[in-house]
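Below is one structure; the comments refer to it alone.
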Amino acid sequence: MTNSQNNLVDLFQSRLRENHTFIKRSIQEQVLLAFCVTSFLGIFPFAVYRIINEQWLLGIISSALLIGVFFIGLYVWITRDLRLPSITLAFFYMTGMIAVVHVNGPSFIYWAFPTMAAAYFLIRPLEAAIVNTVAMVLLMPILVELNLLEGFRILITLILNNMFAYIFSKHMLFHNNILAKEATKDFLTGADNRKLFDEKFNESLAWYKRKGVVSALIIMDVDHFKKINDQFGHAKGDEVLIKLVSTIKKRIRITDHIYRLGGEEFAILLPETNVVLASFMAEELRQQIEKSDLIKNNPVTVSFGVAECKPEDKALDWFERADNALYSAKNSGRNKVIADQI
């Protein structure tokens with residue numbers, strides 16, 4: 001085998017090891033892959049039939065769609081990228097439908113309905129509406145071949161279907177965004193929650209092993225938080241956590257994220273950052289929090305543990321090294337930053 005073939009095999013094996021099974025992929029990936037598989041199976045018999053019957057133009061169109069859908073699905077499977085494949089697949093569907101209708105005539109206009117509906121599953125509602133509007137304009141020469149009433153009826157039906165699909169798509173997108181926020185955000189502090197942390201933490205480790213891009217983890221814990229609750233009440237304790245997260249969000253980069261692991265313990269995940277830079281950031285945060293007026297005339301302090309991922313790490317190994325560093329900080333007097341030794 002050539003080097004390029006060996007690299008391709010290695011890439012496939014790497015992706016299979018990371019994903020293990022189809023079921024672990026995101027819902028968006030599964031939907032897009034399902035579109036590709038369904039399209040391939042649906043187009044394949046038509047492509048074979050048209051080539052066998054020497055319908056060369058339609059056969060070429062069907063074969064081109066078949067090849068395009070196959071490679072889009074392969075690209076999604078390997079890279080797990082969604083945006084570009086979704087746009088490309090929508091474009092393939094639309095151009096294929098328009099070509100087939102123009103070649104076969106008005107009797108194939110019914111293919112416009114499922115194709116336009118599919119656009120709302122693949123791309124954003126406004127994008128789908130624009131693409132479908134362009135498609136309807138390109139179909140107008142076919143519609144005028146029909147009698148006036150029939151062409152007008154089909155056009156109005158296409159417009160209404162697109163309007164309803166757009167409204168439904170926008171409605172679903174709005175509620176999905178709300179659900180996604182509720183599923184990934186800590187309701188009290190606004191930090192990302194433990195569920196999202198586990199997902200992004202594993203992604204960071206996989207990205208490091210695949211691309212060599214190091215990431216750092218900071219685990220932090222509010223010092224003597226039980227005393228804060230006992231002295232000032234749980235409402236004040238909640239207020240401290242809210243102000244703490246707000247203070248940290250103002251300092252960290254847009255690519256960094258803070259997660260609430262539970263109680264008064266938080267994690268900050270810093271992509272493309274080594275343990276030295278992460279320790280500097282943790283020290284800045286420690287000083288800023290100590291100076292902040294989280295409780296008036298009563299300084300609140302935080303302890304930090306820092307670790308970067310290593311080539312041999314599993315997720316638990318990386319987390320435990322940062323957690324052990326945090327415990328060292330707490331056991332050696334609190335209000336300090338301890339970094340895992342590389």
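A note on labels: chains of the structure tokens are A, B, ... as shown, every chain counts residues from 1, and ligands are counted from 1 in their shown order.
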Residues near stretch 211-215 of chain A, anyone? I mean within 9 Å using only C-alpha atoms, not counting same-chain ones fewer than 2 positions away, as number ranges by chain. A: 204-209, 217, 269-275, 307-311
Write out as an MDAnalysis selection string the residues lying within 9 Å of stretch 225-234 of chain A, counting only C-alpha atoms and excluding same-chain residues fewer than 5 positions away. chainID A and resid 239:240 264 300
Those same residues - C-alpha atoms - I'd like them written as a PDB file, in the first residue's frame.
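Okay, again-v9.pdb is ready:
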```
ATOM      1  CA  GLU A 239     -25.032  34.953  45.569  1.00  0.00           C
ATOM      2  CA  VAL A 240     -21.316  34.326  46.096  1.00  0.00           C
ATOM      3  CA  GLU A 264     -18.844  25.078  45.201  1.00  0.00           C
ATOM      4  CA  VAL A 300     -13.776  35.099  49.751  1.00  0.00           C
TER       5      VAL A 300
END
```
Can you pull out the residues contacting stretch 106-116 of chain A? Cut-off 10 Å, using only C-alpha atoms, and skip same-chain residues under 2 positions away; I want them as an MDAnalysis selection string. chainID A and resid 90 92:98 100:104 118:121 128:129 131:133 135:136 139 141:146 151 154 157:158 161:162 165
Take the residues from that selection and write them out as a PDB file, in the first residue's frame, keeping C-alpha atoms.
```
ATOM      1  CA  ALA A  90     -28.901  20.550   0.257  1.00  0.00           C
ATOM      2  CA  PHE A  92     -26.985  18.396  -4.367  1.00  0.00           C
ATOM      3  CA  TYR A  93     -30.635  17.674  -3.643  1.00  0.00           C
ATOM      4  CA  MET A  94     -31.817  20.956  -5.139  1.00  0.00           C
ATOM      5  CA  THR A  95     -29.689  20.904  -8.304  1.00  0.00           C
ATOM      6  CA  GLY A  96     -30.503  17.243  -8.884  1.00  0.00           C
ATOM      7  CA  MET A  97     -34.229  17.859  -8.534  1.00  0.00           C
ATOM      8  CA  ILE A  98     -34.175  20.865 -10.866  1.00  0.00           C
ATOM      9  CA  VAL A 100     -34.447  15.937 -13.351  1.00  0.00           C
ATOM     10  CA  VAL A 101     -37.586  18.080 -13.680  1.00  0.00           C
ATOM     11  CA  HIS A 102     -36.123  20.040 -16.623  1.00  0.00           C
ATOM     12  CA  VAL A 103     -35.077  16.837 -18.403  1.00  0.00           C
ATOM     13  CA  ASN A 104     -38.315  14.897 -17.782  1.00  0.00           C
ATOM     14  CA  ALA A 118     -35.397  18.283   3.182  1.00  0.00           C
ATOM     15  CA  ALA A 119     -33.693  21.683   2.952  1.00  0.00           C
ATOM     16  CA  TYR A 120     -35.281  22.729   6.250  1.00  0.00           C
ATOM     17  CA  PHE A 121     -33.736  19.701   7.974  1.00  0.00           C
ATOM     18  CA  ALA A 128     -33.627  26.971   3.193  1.00  0.00           C
ATOM     19  CA  ALA A 129     -36.299  29.556   2.351  1.00  0.00           C
ATOM     20  CA  VAL A 131     -32.660  28.258  -1.654  1.00  0.00           C
ATOM     21  CA  ASN A 132     -36.199  27.043  -2.186  1.00  0.00           C
ATOM     22  CA  THR A 133     -37.306  30.405  -3.539  1.00  0.00           C
ATOM     23  CA  ALA A 135     -35.485  26.728  -6.960  1.00  0.00           C
ATOM     24  CA  MET A 136     -39.086  27.792  -7.568  1.00  0.00           C
ATOM     25  CA  LEU A 139     -38.833  25.729 -12.060  1.00  0.00           C
ATOM     26  CA  PRO A 141     -40.196  27.504 -17.202  1.00  0.00           C
ATOM     27  CA  ILE A 142     -41.552  24.019 -16.458  1.00  0.00           C
ATOM     28  CA  LEU A 143     -44.675  25.307 -14.736  1.00  0.00           C
ATOM     29  CA  VAL A 144     -45.596  27.544 -17.685  1.00  0.00           C
ATOM     30  CA  GLU A 145     -45.731  24.439 -19.870  1.00  0.00           C
ATOM     31  CA  LEU A 146     -48.822  23.401 -17.921  1.00  0.00           C
ATOM     32  CA  GLY A 151     -49.283  25.675 -13.022  1.00  0.00           C
ATOM     33  CA  ILE A 154     -48.654  23.834  -8.098  1.00  0.00           C
ATOM     34  CA  THR A 157     -48.860  24.757  -3.129  1.00  0.00           C
ATOM     35  CA  LEU A 158     -45.061  25.003  -3.222  1.00  0.00           C
ATOM     36  CA  ASN A 161     -45.525  24.329   1.865  1.00  0.00           C
ATOM     37  CA  ASN A 162     -42.421  26.459   2.174  1.00  0.00           C
ATOM     38  CA  ALA A 165     -42.074  24.505   6.744  1.00  0.00           C
TER      39      ALA A 165
END
```
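The residue that comes closest to A:Leu74, out of A:Cys36, A:Ile219, A:Met163, A:Ile242 and on the basis of only C-alpha atoms, is A:Cys36.
Scanning stretch 46-295 of chain A with DSSP on the backbone, the strand (DSSP E or B) assignments fall on Lys185, Asp192, Ser215, Ala216, Leu217, Ile218, Ile219, Met220, Asp221, Val222, His257, Ile258, Tyr259, Arg260, Leu261, Gly262, Glu265, Phe266, Ala267, Ile268, Leu269, Leu270 and Pro271 of chain A.
Picture a line from atom CA of A:Leu122 to atom CA of A:Arg210; it runs 28.0 Å.
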To test your reading of the structure, identify every residue in stretch 118-235 of chain A that backbone DSSP assigns to helix (DSSP H, G or I), and report it as a PyMOL selection string. chain A and resi 118-122+125-143+148-184+194-211+225-232+234-235
